[in-house]
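Engineer: What follows is entry.csv, CSV, C-alpha atoms.
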```csv
chain,number,residue,atom,x,y,z
A,116,MET,CA,-161.2,-10.0,245.6
A,117,THR,CA,-162.5,-6.5,246.5
A,118,LEU,CA,-164.9,-5.9,249.3
A,119,ARG,CA,-165.7,-2.2,249.7
A,120,TRP,CA,-166.7,-0.9,253.1
A,121,ASP,CA,-169.9,0.7,251.9
A,122,VAL,CA,-171.0,-2.6,250.2
A,123,LEU,CA,-170.1,-4.5,253.4
A,124,ALA,CA,-172.2,-2.1,255.5
A,125,ALA,CA,-175.2,-2.6,253.1
A,126,ILE,CA,-174.7,-6.4,253.3
A,127,ILE,CA,-174.6,-6.3,257.1
A,128,GLY,CA,-177.8,-4.3,257.2
A,129,MET,CA,-179.4,-6.7,254.8
A,130,ALA,CA,-178.3,-9.7,256.8
A,131,LEU,CA,-179.5,-8.3,260.2
A,132,ALA,CA,-182.9,-7.2,258.7
A,133,THR,CA,-183.4,-10.7,257.2
A,134,TYR,CA,-182.5,-12.5,260.5
A,135,LEU,CA,-184.9,-10.2,262.3
A,136,CYS,CA,-187.7,-11.5,260.0
A,137,ARG,CA,-186.6,-15.1,260.3
A,138,ALA,CA,-186.4,-15.2,264.1
A,139,GLY,CA,-188.7,-12.3,265.0
A,140,GLY,CA,-192.1,-13.9,264.2
A,141,TYR,CA,-191.4,-16.9,266.4
A,142,ALA,CA,-189.7,-14.8,269.1
A,143,ILE,CA,-192.8,-12.7,269.5
A,144,LEU,CA,-195.0,-15.9,269.6
A,145,ARG,CA,-192.7,-17.5,272.2
A,146,ALA,CA,-192.8,-14.5,274.5
A,147,SER,CA,-196.6,-14.1,274.4
A,148,ARG,CA,-199.4,-16.6,274.6
A,149,PRO,CA,-201.5,-15.8,271.6
A,150,PRO,CA,-205.3,-16.0,271.6
A,151,ARG,CA,-207.0,-19.1,270.2
A,152,PHE,CA,-207.9,-17.4,266.9
A,153,VAL,CA,-204.3,-16.6,266.2
A,154,GLN,CA,-203.3,-20.2,267.1
A,155,ALA,CA,-205.9,-21.5,264.6
A,156,MET,CA,-204.6,-19.1,262.0
A,157,LEU,CA,-201.0,-20.4,262.4
A,158,GLN,CA,-202.3,-23.9,261.6
A,159,HIS,CA,-203.6,-22.6,258.2
A,160,LEU,CA,-200.7,-20.2,257.4
A,161,PRO,CA,-198.2,-22.6,255.8
A,162,GLY,CA,-200.4,-23.8,253.0
A,163,CYS,CA,-201.9,-20.3,252.5
A,164,ILE,CA,-198.5,-18.7,252.2
A,165,PHE,CA,-197.5,-20.9,249.3
A,166,VAL,CA,-200.8,-20.6,247.5
A,167,ALA,CA,-200.4,-16.8,247.8
A,168,PHE,CA,-196.9,-17.1,246.3
A,169,LEU,CA,-198.1,-19.3,243.4
A,170,ALA,CA,-201.4,-17.7,242.5
A,171,PRO,CA,-200.1,-14.4,241.1
A,172,ALA,CA,-197.3,-16.2,239.1
A,173,LEU,CA,-199.9,-18.7,237.7
A,174,ALA,CA,-202.3,-15.9,236.9
A,175,SER,CA,-199.8,-14.0,234.9
A,176,GLY,CA,-198.4,-17.1,233.1
A,177,GLY,CA,-199.8,-18.3,229.8
A,178,PRO,CA,-201.3,-21.6,228.7
A,179,ASP,CA,-197.8,-23.2,228.7
A,180,THR,CA,-197.5,-22.5,232.4
A,181,TRP,CA,-200.9,-23.8,233.2
A,182,VAL,CA,-200.4,-27.1,231.3
A,183,ALA,CA,-197.0,-27.6,232.7
A,184,SER,CA,-198.4,-26.9,236.2
A,185,LEU,CA,-201.0,-29.6,235.8
A,186,VAL,CA,-198.3,-32.0,234.5
A,187,THR,CA,-196.1,-31.2,237.5
A,188,LEU,CA,-198.9,-31.9,239.9
A,189,ALA,CA,-199.9,-35.1,238.2
A,190,VAL,CA,-196.4,-36.5,238.2
A,191,GLN,CA,-196.0,-35.5,241.9
A,192,VAL,CA,-199.4,-37.3,242.8
A,193,VAL,CA,-198.3,-40.5,241.0
A,194,PHE,CA,-194.6,-40.8,241.7
A,195,ARG,CA,-194.1,-38.5,244.8
A,196,LYS,CA,-190.6,-37.7,243.6
A,197,LEU,CA,-189.9,-33.9,243.7
A,198,ALA,CA,-186.9,-34.0,241.4
A,199,LEU,CA,-188.9,-35.9,238.8
A,200,SER,CA,-191.9,-33.6,239.1
A,201,ILE,CA,-189.7,-30.5,238.6
A,202,LEU,CA,-187.8,-31.9,235.7
A,203,THR,CA,-191.1,-33.0,233.9
A,204,GLY,CA,-192.6,-29.6,234.5
A,205,VAL,CA,-189.7,-27.7,233.1
A,206,GLY,CA,-189.5,-30.2,230.2
A,207,THR,CA,-193.2,-29.6,229.4
A,208,VAL,CA,-192.7,-25.8,229.2
A,209,TRP,CA,-189.7,-26.4,227.0
A,210,ALA,CA,-191.6,-28.8,224.7
A,211,LEU,CA,-194.6,-26.5,224.4
A,212,GLN,CA,-192.4,-23.5,223.5
A,213,ALA,CA,-190.5,-25.6,221.0
A,214,LEU,CA,-193.8,-26.7,219.4
A,215,ALA,CA,-195.3,-23.2,219.2
B,177,MET,CA,-189.6,-38.5,269.3
B,178,GLU,CA,-186.3,-36.9,268.1
B,179,THR,CA,-186.2,-33.1,268.5
B,180,PHE,CA,-182.8,-32.4,267.0
B,181,SER,CA,-180.9,-35.3,265.6
B,182,ARG,CA,-178.2,-36.1,263.1
B,183,ALA,CA,-180.6,-38.3,261.2
B,184,GLY,CA,-183.0,-35.3,260.9
B,185,TRP,CA,-180.3,-33.1,259.6
B,186,LEU,CA,-179.5,-35.7,256.9
B,187,ARG,CA,-183.1,-36.0,256.0
B,188,GLY,CA,-183.3,-32.3,255.4
B,189,LEU,CA,-180.1,-32.3,253.4
B,190,ARG,CA,-181.4,-35.0,251.2
B,191,ALA,CA,-184.7,-33.2,250.7
B,192,ALA,CA,-182.7,-30.1,249.6
B,193,LEU,CA,-180.7,-32.2,247.1
B,194,ALA,CA,-183.9,-33.5,245.6
B,195,ILE,CA,-185.0,-30.0,244.5
B,196,THR,CA,-181.6,-28.9,243.2
B,197,LEU,CA,-183.0,-28.2,239.8
B,198,GLY,CA,-185.8,-26.1,241.2
B,199,LEU,CA,-183.4,-24.0,243.3
B,200,SER,CA,-180.5,-23.4,240.8
B,201,PRO,CA,-182.0,-20.9,238.4
B,202,PHE,CA,-182.5,-18.3,241.1
B,203,GLY,CA,-178.9,-18.4,242.2
B,204,LEU,CA,-177.8,-18.2,238.6
B,205,VAL,CA,-179.9,-15.1,238.0
B,206,ILE,CA,-178.6,-13.4,241.2
B,207,GLY,CA,-175.0,-14.1,240.2
B,208,VAL,CA,-175.6,-12.6,236.7
B,209,ILE,CA,-177.3,-9.5,238.0
B,210,SER,CA,-174.7,-9.0,240.8
B,211,ALA,CA,-171.9,-8.9,238.1
B,212,SER,CA,-173.9,-6.5,235.9
B,213,LYS,CA,-174.3,-4.1,238.9
B,214,GLY,CA,-170.6,-4.1,239.4
B,215,LEU,CA,-170.3,-6.2,242.5
B,216,SER,CA,-167.1,-8.2,242.8
B,217,LEU,CA,-167.4,-12.0,243.2
B,218,THR,CA,-166.4,-11.7,246.8
B,219,GLU,CA,-169.1,-9.0,247.4
B,220,ALA,CA,-171.7,-11.2,245.6
B,221,LEU,CA,-170.8,-14.2,247.7
B,222,VAL,CA,-170.7,-12.3,251.1
B,223,MET,CA,-174.1,-10.8,250.3
B,224,SER,CA,-175.6,-14.1,249.2
B,225,GLY,CA,-174.0,-16.1,252.0
B,226,LEU,CA,-175.1,-13.8,254.8
B,227,THR,CA,-178.5,-12.7,253.5
B,228,PHE,CA,-179.5,-16.0,251.8
B,229,ALA,CA,-182.8,-14.6,250.6
B,230,GLY,CA,-183.3,-14.5,246.8
B,231,SER,CA,-186.3,-12.3,246.4
B,232,ALA,CA,-184.9,-9.7,248.7
B,233,GLN,CA,-181.5,-9.7,247.0
B,234,LEU,CA,-183.2,-9.3,243.7
B,235,VAL,CA,-185.1,-6.2,244.9
B,236,VAL,CA,-181.9,-4.8,246.4
B,237,LEU,CA,-179.9,-5.3,243.2
B,238,GLN,CA,-182.6,-3.6,241.2
B,239,LEU,CA,-182.2,-0.4,243.4
B,240,TRP,CA,-178.4,-0.8,243.7
B,241,ALA,CA,-176.4,2.5,243.3
B,242,GLU,CA,-173.0,4.1,243.9
B,243,PRO,CA,-172.1,4.3,246.7
B,244,ALA,CA,-174.0,1.3,248.1
B,245,PRO,CA,-177.5,2.2,249.3
B,246,ILE,CA,-177.1,1.0,252.9
B,247,LEU,CA,-180.5,2.2,254.3
B,248,ALA,CA,-182.5,1.3,251.2
B,249,ALA,CA,-180.9,-2.2,251.0
B,250,THR,CA,-181.7,-2.8,254.7
B,251,LEU,CA,-185.3,-1.6,254.4
B,252,ALA,CA,-185.9,-3.6,251.3
B,253,CYS,CA,-184.8,-6.8,253.1
B,254,LEU,CA,-187.0,-6.0,256.0
B,255,VAL,CA,-190.0,-5.5,253.8
B,256,VAL,CA,-189.5,-8.4,251.4
B,257,ASN,CA,-188.6,-10.9,254.1
B,258,LEU,CA,-191.5,-9.9,256.3
B,259,ARG,CA,-193.2,-13.1,255.0
B,260,MET,CA,-190.7,-15.1,257.0
B,261,ALA,CA,-192.0,-13.9,260.3
B,262,PRO,CA,-195.3,-15.9,260.1
B,263,MET,CA,-193.4,-18.9,258.7
B,264,GLY,CA,-191.3,-19.0,261.9
B,265,ALA,CA,-194.4,-18.6,264.0
B,266,ALA,CA,-196.1,-21.5,262.1
B,267,LEU,CA,-193.3,-23.8,263.0
B,268,ALA,CA,-194.0,-23.3,266.7
B,269,PRO,CA,-195.2,-26.9,267.4
B,270,ALA,CA,-191.7,-28.1,266.5
B,271,LEU,CA,-189.6,-25.1,267.6
B,272,ASP,CA,-191.2,-25.0,271.1
B,273,ARG,CA,-189.3,-28.3,271.8
B,274,ILE,CA,-185.8,-26.9,271.4
B,275,ARG,CA,-184.0,-23.9,273.0
B,276,GLY,CA,-180.7,-22.0,273.0
B,277,TRP,CA,-178.3,-21.9,270.1
B,278,ARG,CA,-180.1,-24.8,268.3
B,279,LEU,CA,-183.2,-22.7,268.2
B,280,TRP,CA,-181.8,-19.3,267.2
B,281,PHE,CA,-179.1,-20.7,264.9
B,282,THR,CA,-181.6,-23.0,263.0
B,283,LEU,CA,-183.9,-20.0,262.5
B,284,ALA,CA,-181.1,-18.3,260.5
B,285,TRP,CA,-181.4,-21.0,257.9
B,286,LEU,CA,-185.1,-20.7,257.4
B,287,VAL,CA,-186.0,-20.3,253.7
B,288,ASP,CA,-189.2,-20.7,251.7
B,289,ASN,CA,-188.6,-24.1,250.3
B,290,GLY,CA,-187.0,-25.5,253.5
B,291,PHE,CA,-190.1,-24.2,255.4
B,292,ALA,CA,-192.5,-25.9,253.0
B,293,LEU,CA,-190.5,-29.2,253.1
B,294,PHE,CA,-190.5,-29.1,256.9
B,295,VAL,CA,-194.3,-28.4,257.1
B,296,ALA,CA,-194.8,-31.6,255.1
B,297,GLU,CA,-192.5,-33.4,257.6
B,298,MET,CA,-194.6,-32.0,260.5
B,299,ARG,CA,-197.8,-33.1,258.8
B,300,ALA,CA,-196.3,-36.6,258.5
B,301,GLY,CA,-195.7,-36.6,262.3
B,302,ARG,CA,-192.0,-35.8,262.3
B,303,ARG,CA,-190.8,-32.8,264.3
B,304,ASP,CA,-187.0,-33.1,264.2
B,305,VAL,CA,-186.0,-29.4,263.8
B,306,ALA,CA,-182.5,-30.4,262.6
B,307,PHE,CA,-184.3,-31.1,259.3
B,308,VAL,CA,-184.7,-27.3,258.8
B,309,LEU,CA,-180.9,-26.9,259.4
B,310,GLY,CA,-180.0,-29.7,257.0
B,311,ALA,CA,-182.3,-28.4,254.3
B,312,GLY,CA,-181.2,-24.8,254.8
B,313,MET,CA,-177.5,-25.8,254.6
B,314,GLY,CA,-178.0,-27.9,251.5
B,315,MET,CA,-179.8,-25.1,249.8
B,316,TRP,CA,-177.1,-22.6,250.9
B,317,VAL,CA,-174.4,-24.7,249.2
B,318,ASN,CA,-176.5,-24.8,246.0
B,319,TRP,CA,-177.1,-21.1,246.3
B,320,MET,CA,-173.5,-20.1,246.7
B,321,THR,CA,-172.4,-22.4,243.9
B,322,MET,CA,-175.0,-21.0,241.4
B,323,VAL,CA,-174.2,-17.4,242.4
B,324,THR,CA,-170.5,-18.1,241.6
B,325,VAL,CA,-171.4,-19.7,238.3
B,326,GLY,CA,-173.8,-16.9,237.4
B,327,HIS,CA,-171.3,-14.2,238.4
B,328,SER,CA,-168.5,-15.9,236.4
B,329,LEU,CA,-170.5,-16.3,233.3
B,330,GLY,CA,-171.9,-12.8,233.7
B,331,ALA,CA,-173.3,-11.5,230.4
B,332,ALA,CA,-172.4,-14.7,228.6
B,333,VAL,CA,-175.6,-16.4,229.9
B,334,GLU,CA,-178.6,-14.9,228.3
B,335,LEU,CA,-181.6,-15.9,230.3
B,336,ARG,CA,-184.5,-14.3,228.5
B,337,PRO,CA,-187.7,-13.8,230.5
B,338,GLY,CA,-190.0,-16.8,229.8
B,339,HIS,CA,-187.1,-19.2,229.5
B,340,PRO,CA,-188.4,-22.7,230.5
B,341,ILE,CA,-185.8,-22.8,233.4
B,342,PHE,CA,-187.8,-20.1,235.2
B,343,PHE,CA,-190.7,-22.5,235.5
B,344,ALA,CA,-188.5,-24.6,237.8
B,345,ALA,CA,-189.3,-22.4,240.8
B,346,VAL,CA,-193.0,-22.6,240.3
B,347,ALA,CA,-192.8,-26.4,239.7
B,348,THR,CA,-190.9,-26.8,242.9
B,349,MET,CA,-193.4,-25.0,245.0
B,350,LEU,CA,-196.4,-26.8,243.3
B,351,ALA,CA,-194.8,-30.2,244.0
B,352,ILE,CA,-194.0,-29.3,247.6
B,353,LEU,CA,-197.5,-27.9,248.2
B,354,LEU,CA,-199.1,-31.2,247.5
B,355,PRO,CA,-198.1,-33.0,250.7
B,356,ILE,CA,-199.2,-30.0,252.7
B,357,TRP,CA,-202.8,-30.4,251.6
B,358,ARG,CA,-204.8,-31.9,254.5
B,359,GLY,CA,-208.2,-32.3,252.9
B,360,ARG,CA,-211.4,-30.5,252.1
B,361,GLY,CA,-211.1,-28.1,255.0
B,362,ASP,CA,-208.1,-26.5,253.2
B,363,LEU,CA,-210.1,-25.7,250.1
B,364,ALA,CA,-211.8,-22.5,251.2
B,365,PRO,CA,-208.7,-21.0,252.9
B,366,TRP,CA,-206.5,-21.8,250.0
B,367,ALA,CA,-208.9,-20.4,247.4
B,368,ALA,CA,-209.3,-17.3,249.5
B,369,SER,CA,-205.6,-16.9,249.8
B,370,GLY,CA,-205.0,-17.3,246.0
B,371,LEU,CA,-207.8,-14.9,245.1
B,372,ALA,CA,-206.6,-12.3,247.6
B,373,ALA,CA,-203.0,-12.6,246.4
B,374,VAL,CA,-204.0,-12.2,242.7
B,375,ALA,CA,-206.2,-9.2,243.6
B,376,ALA,CA,-203.4,-7.6,245.5
B,377,ALA,CA,-200.8,-8.3,242.8
B,378,HIS,CA,-202.7,-7.7,239.6
B,379,GLY,CA,-205.8,-5.7,240.8
B,380,LEU,CA,-204.0,-3.3,243.1
B,381,GLY,CA,-200.6,-3.6,241.5
B,382,LEU,CA,-198.8,-4.1,244.9
B,383,GLY,CA,-195.2,-5.4,244.9
B,384,ALA,CA,-193.5,-7.9,247.2
B,385,PRO,CA,-194.2,-8.9,249.9
B,386,TRP,CA,-197.8,-7.6,250.0
B,387,PRO,CA,-199.6,-10.0,247.7
B,388,VAL,CA,-198.1,-12.9,249.7
B,389,LEU,CA,-199.0,-11.4,253.1
B,390,VAL,CA,-202.5,-10.2,252.1
B,391,GLY,CA,-203.2,-13.7,250.6
B,392,ALA,CA,-201.8,-15.7,253.4
B,393,PHE,CA,-203.6,-13.8,256.2
B,394,THR,CA,-206.9,-13.7,254.3
B,395,GLY,CA,-206.8,-17.4,253.8
B,396,ALA,CA,-205.5,-18.3,257.3
B,397,GLY,CA,-208.1,-15.9,258.8
B,398,LEU,CA,-210.9,-17.7,257.0
B,399,GLY,CA,-209.5,-21.1,258.0
B,400,ALA,CA,-209.3,-20.0,261.7
B,401,TRP,CA,-212.9,-18.6,261.5
B,402,GLN,CA,-214.1,-22.0,260.1
B,403,ASP,CA,-212.3,-23.9,262.8
B,404,MET,CA,-213.7,-21.7,265.6
B,405,ARG,CA,-217.2,-22.0,264.3
B,406,ARG,CA,-216.9,-25.8,264.0
B,407,ASP,CA,-215.5,-26.0,267.6
B,408,ALA,CA,-218.3,-23.8,268.9
B,409,ARG,CA,-220.9,-26.2,267.4
B,410,ALA,CA,-219.2,-29.3,268.7
```
Can the structure in the file be given as structure tokens, please?

Structural biologist:
Amino acid sequence: MTLRWDVLAAIIGMALATYLCRAGGYAILRASRPPRFVQAMLQHLPGCIFVAFLAPALASGGPDTWVASLVTLAVQVVFRKLALSILTGVGTVWALQALA
Amino acid sequence: METFSRAGWLRGLRAALAITLGLSPFGLVIGVISASKGLSLTEALVMSGLTFAGSAQLVVLQLWAEPAPILAATLACLVVNLRMAPMGAALAPALDRIRGWRLWFTLAWLVDNGFALFVAEMRAGRRDVAFVLGAGMGMWVNWMTMVTVGHSLGAAVELRPGHPIFFAAVATMLAILLPIWRGRGDLAPWAASGLAAVAAAHGLGLGAPWPVLVGAFTGAGLGAWQDMRRDARA
């Protein structure tokens, strides 16, 4: 049950910095009326953020990752159940590794 | 249309529960690493509870030192979590409809997966911001539980890199991404985003958050340019 003061100070810094990121983007937007190009960009940002997350991970993954990704997507398209898609994807990686 | 309802909060909570398996490995890893860096369980939980940002905490723990690196930890969170700023901005159509504590308290619970799930909600015509709060809180409980488990097991759990469980995070994002797809117009922006992110990560060797930011703004910029050109012709 120890909580050192220097660790606590670091944690408070981390928490404040993170909240600034969470709230700051919207706070700036709310305070200023952005030009139309920026508003159009915001419509596209959500999808692009996640593609930008996934692409490097998929690019550095092997064939196991690629096959399992396709299986995950296919299960999601057919059943639209996130839990099932995730479970099937992880199961596919596990099975492919066990077979190799 | 509801702007902040109990029903919305419950919808968010249920959505978070559905991806439990996808969320759990990250908390486990953070718990294990926290223990290995000499953080007490209390310290690991206070850090995880207040920061609630896995990638940033991972980076901080990698540069952890004695005494605690206060400035470096703060800066690392600022840089790694910079990606959340455009997320909050992208939720403007829903956030514009609430104010006061509801707005600023809900933003404290904004996380990657909660954001993606809520974008899918918005695309389906629902703009109940309490969804973000419910999803965030559900994920927070999972997060704290798994950090506790990981810290308690410590070195006893051996999660080698490439363990199938690590695919859970990728699978979660892939599955959530699907309902965000709006049609052919998304193809070019998404492709540009992916290519730019891969180029930044593997070509230029940049670390977090730069590949995500470079990719996201390249793709969104192309999408906006497409839209403006289409509107100009119409």

Engineer: Between A:Leu157, A:Arg119, A:Ala167, A:Phe152, which has the minimum distance to Gly140 (chain A) (counting all atoms listed in the file)?

Structural biologist: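 Comparing A:Leu157, A:Arg119, A:Ala167, A:Phe152 against Gly140 (chain A), the winner is A:Leu157.
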
Engineer: Tell me, counting all atoms listed in the file, for each residue of chain A within 6 Å of chain B, which pair of atoms is nearest and how far apart they are in Å to one decimal, in rows ordered by chain and increasing number, as CSV.

Structural biologist:
```
residue,atom,partner,partner_atom,distance
A:Met116,CA,B:Thr218,CA,5.6
A:Leu118,CA,B:Glu219,CA,5.6
A:Asp121,CA,B:Ala244,CA,5.6
A:Val122,CA,B:Ala244,CA,5.3
A:Ala125,CA,B:Ile246,CA,4.1
A:Ile126,CA,B:Met223,CA,5.4
A:Gly128,CA,B:Thr250,CA,4.9
A:Met129,CA,B:Thr250,CA,4.5
A:Ala130,CA,B:Thr227,CA,4.5
A:Ala132,CA,B:Leu254,CA,5.1
A:Thr133,CA,B:Cys253,CA,5.8
A:Tyr134,CA,B:Ala284,CA,6.0
A:Cys136,CA,B:Ala261,CA,4.9
A:Arg137,CA,B:Met260,CA,5.3
A:Ala138,CA,B:Leu283,CA,5.6
A:Gly139,CA,B:Ala261,CA,6.0
A:Gly140,CA,B:Ala261,CA,3.9
A:Tyr141,CA,B:Ala265,CA,4.2
A:Phe152,CA,B:Ala400,CA,6.0
A:Ala155,CA,B:Ala400,CA,4.7
A:Met156,CA,B:Ala400,CA,4.8
A:Leu157,CA,B:Ala266,CA,5.0
A:His159,CA,B:Ala396,CA,4.8
A:Leu160,CA,B:Ala396,CA,5.2
A:Cys163,CA,B:Ala392,CA,4.7
A:Ile164,CA,B:Ala392,CA,4.6
A:Val166,CA,B:Gly370,CA,5.5
A:Ala167,CA,B:Val388,CA,4.9
A:Phe168,CA,B:Val388,CA,5.5
A:Ala170,CA,B:Gly370,CA,5.0
A:Pro171,CA,B:Val374,CA,4.8
A:Gln191,CA,B:Ala351,CA,5.8
A:Ala198,CA,B:Ala194,CA,5.2
A:Ile201,CA,B:Ala347,CA,5.3
A:Val205,CA,B:Ala344,CA,5.8
A:Val208,CA,B:Pro340,CA,5.5
A:Trp209,CA,B:Pro340,CA,5.3
```

Engineer: CA of Val305 (chain B) and CA of Arg190 (chain B) are how many Å apart?

Structural biologist: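 Calculated distance between CA of Val305 (chain B) and CA of Arg190 (chain B) is 14.5 Å.
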
Engineer: Would you kindly return, as a PyMOL selection string, each protein, DNA or RNA residue with an atom no farther than 8 Å from any atom of Gly326 (chain B), considering only C-alpha atoms and excluding same-chain residues fewer than 3 positions away?

Structural biologist: chain B and resi 203-208+322-323+329-330+333

Engineer: Can you write out the residues you just picked, keeping C-alpha atoms, as a PDB file, in the frame of the given file?

Structural biologist:
```
ATOM      1  CA  GLY B 203    -178.900 -18.400 242.200  1.00  0.00           C
ATOM      2  CA  LEU B 204    -177.800 -18.200 238.600  1.00  0.00           C
ATOM      3  CA  VAL B 205    -179.900 -15.100 238.000  1.00  0.00           C
ATOM      4  CA  ILE B 206    -178.600 -13.400 241.200  1.00  0.00           C
ATOM      5  CA  GLY B 207    -175.000 -14.100 240.200  1.00  0.00           C
ATOM      6  CA  VAL B 208    -175.600 -12.600 236.700  1.00  0.00           C
ATOM      7  CA  MET B 322    -175.000 -21.000 241.400  1.00  0.00           C
ATOM      8  CA  VAL B 323    -174.200 -17.400 242.400  1.00  0.00           C
ATOM      9  CA  LEU B 329    -170.500 -16.300 233.300  1.00  0.00           C
ATOM     10  CA  GLY B 330    -171.900 -12.800 233.700  1.00  0.00           C
ATOM     11  CA  VAL B 333    -175.600 -16.400 229.900  1.00  0.00           C
TER      12      VAL B 333
END
```

Engineer: Figure out the distance between CA of Ala172 (chain A) and CA of Met298 (chain B), please, to one decimal in Å.

Structural biologist: 26.7 Å

Engineer: Go ahead and fit an axis-aligned box to every listed atom of region 394-397 of chain B plus 5 Å each side, and pass me the centre and edge lengths in Å, one decimal, as AutoDock Vina command-line options.

Structural biologist:
```
--center_x -206.8 --center_y -16.0 --center_z 256.3 --size_x 12.6 --size_y 14.6 --size_z 15.0
```

Engineer: To one decimal place, how far is CA of Trp240 (chain B) from CA of His327 (chain B) in Å?

Structural biologist: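 Between these atoms lies a distance of 16.1 Å.
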
Engineer: List the spatial neighbours of Ala189 (chain A) as a list in words - criterion: any atom at most 12 Å away, only C-alpha atoms, same-chain residues fewer than 4 positions off excluded.

Structural biologist: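 So the residues in contact are Val182, Ala183, Ser184, Leu185, Val193, Phe194, Arg195, Lys196, Leu197, Leu199, Ser200, Ile201, Thr203 and Gly204 of chain A; Ala347, Leu350, Ala351 and Leu354 of chain B.
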
Engineer: So, counting all atoms listed in the file, which residue among B:Leu380, B:Leu239, B:Val308, B:Ala211 is closest to Ala270 (chain B)?

Structural biologist: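 Closest residue, counting all atoms listed in the file: B:Val308.
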
Engineer: For each of B:Ala192, B:Ile274, B:Leu293, B:Met313, take the minimum atom-to-atom distance to Arg145 (chain A), counting all atoms listed in the file, then give the residue where this is smallest.

Structural biologist: B:Ile274
